[in-house]
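Enquirer: First the structure, which I've put down as structure tokens, then a few questions once you've had a look.
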Amino acid sequence: MNNGRILNKGVILMAETGTGLKKETAAALSYVVGPITGIVMLLLEKNDYVRFHAMQSIVVLGGLALIQWLLGVTAVFAVFIPLTTLVGFILWLVLIYKALQGERWKVPYVSKYTDKLLK
């Protein structure tokens, strides 16, 4: 399927998602600005694949932001902020890559919450 492209005869094909993007692209975009784009994609999309990644973005990246905030509030544990930032950045890159590859990769320990919230 030639998603959203104009063919030689001027026929426009419908995209796989409500945003007009390929589902892999829309899923990857749900991670770009963390939980913010996750919320946007969750509200705009009906595609199950995109909604899964949008909800996972909200839960995982929102959870990491909350953990970093809590570590920052407590001066004793603030030394762990660089570690959580590094782990979060690597996880963010992996999630975008997996979404672009069309893989429904579930983050361990967090996926049960993602699945519950999607039902």
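Following the order of the structure tokens, chains are lettered A, B, ..., residues in each are numbered from 1, and ligands are numbered from 1.
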Might you pull out every residue within 6 Å of stretch 40-57 of chain A, with only C-alpha atoms counted and same-chain residues fewer than 2 positions away left off, and present them as a compact mmCIF listing (two decimals) with N, CA and C atoms, in the first residue's frame?
Expert:
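Saved the output as around-v1.txt:
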```
# COMPACT_ATOMS: atom_id res chain seq x y z
N GLY A 18 -5.27 7.80 11.46
CA GLY A 18 -6.10 8.99 11.37
C GLY A 18 -5.29 10.26 11.12
N ALA A 27 3.46 5.84 15.53
CA ALA A 27 3.83 5.22 16.81
C ALA A 27 5.14 5.79 17.33
N SER A 30 4.86 9.20 18.85
CA SER A 30 4.23 9.28 20.17
C SER A 30 5.27 9.31 21.29
N TYR A 31 6.52 8.99 20.98
CA TYR A 31 7.59 9.04 21.98
C TYR A 31 8.42 10.32 21.92
N PRO A 35 5.52 12.05 27.24
CA PRO A 35 4.10 11.84 27.48
C PRO A 35 3.20 12.85 26.77
N THR A 37 3.41 14.01 23.54
CA THR A 37 3.01 13.46 22.24
C THR A 37 2.28 12.15 22.40
N GLY A 38 2.54 11.43 23.48
CA GLY A 38 1.78 10.22 23.75
C GLY A 38 0.31 10.53 23.95
N VAL A 59 2.98 6.12 30.04
CA VAL A 59 3.30 5.39 31.27
C VAL A 59 4.81 5.38 31.55
N VAL A 60 5.60 5.01 30.54
CA VAL A 60 7.05 4.86 30.74
C VAL A 60 7.74 6.21 30.90
N LEU A 61 7.55 7.09 29.94
CA LEU A 61 8.27 8.37 29.98
C LEU A 61 7.69 9.30 31.04
N THR A 114 0.25 -0.60 31.10
CA THR A 114 -0.11 -0.11 29.77
C THR A 114 -1.32 -0.88 29.23
```
Enquirer: Quick check for you: according to DSSP on this backbone, which residues of chain A are classed as helix (DSSP H, G or I)? Reply as number ranges by chain.
Expert: A: 23-32, 35-44, 48-73, 78-100, 111-118
Enquirer: Using Å and a single decimal, report how far atom CA of A:Ile36 sits from atom CA of A:Tyr97.
Expert: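 Answer for the atom CA of A:Tyr97 to atom CA of A:Ile36 separation: 18.6 Å.
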Enquirer: Please indicate the distance in Å from atom CA of A:Gly72 to atom CA of A:Leu95, rounded to one decimal place.
Expert: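 Result for atom CA of A:Gly72 versus atom CA of A:Leu95: 24.9 Å, one decimal.
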Enquirer: Which polymer residues have any atom within 12 Å of an atom of A:Val87, counting only C-alpha atoms, with same-chain residues fewer than 6 positions away left out, as a ChimeraX atom specification?
Expert: /A:60-61,64-65,67-68,80-81,93-94
Enquirer: Calculate how many Å separate atom CA of A:Leu21 from atom CA of A:Trp92, rounding to one decimal.
Expert: 20.6 Å
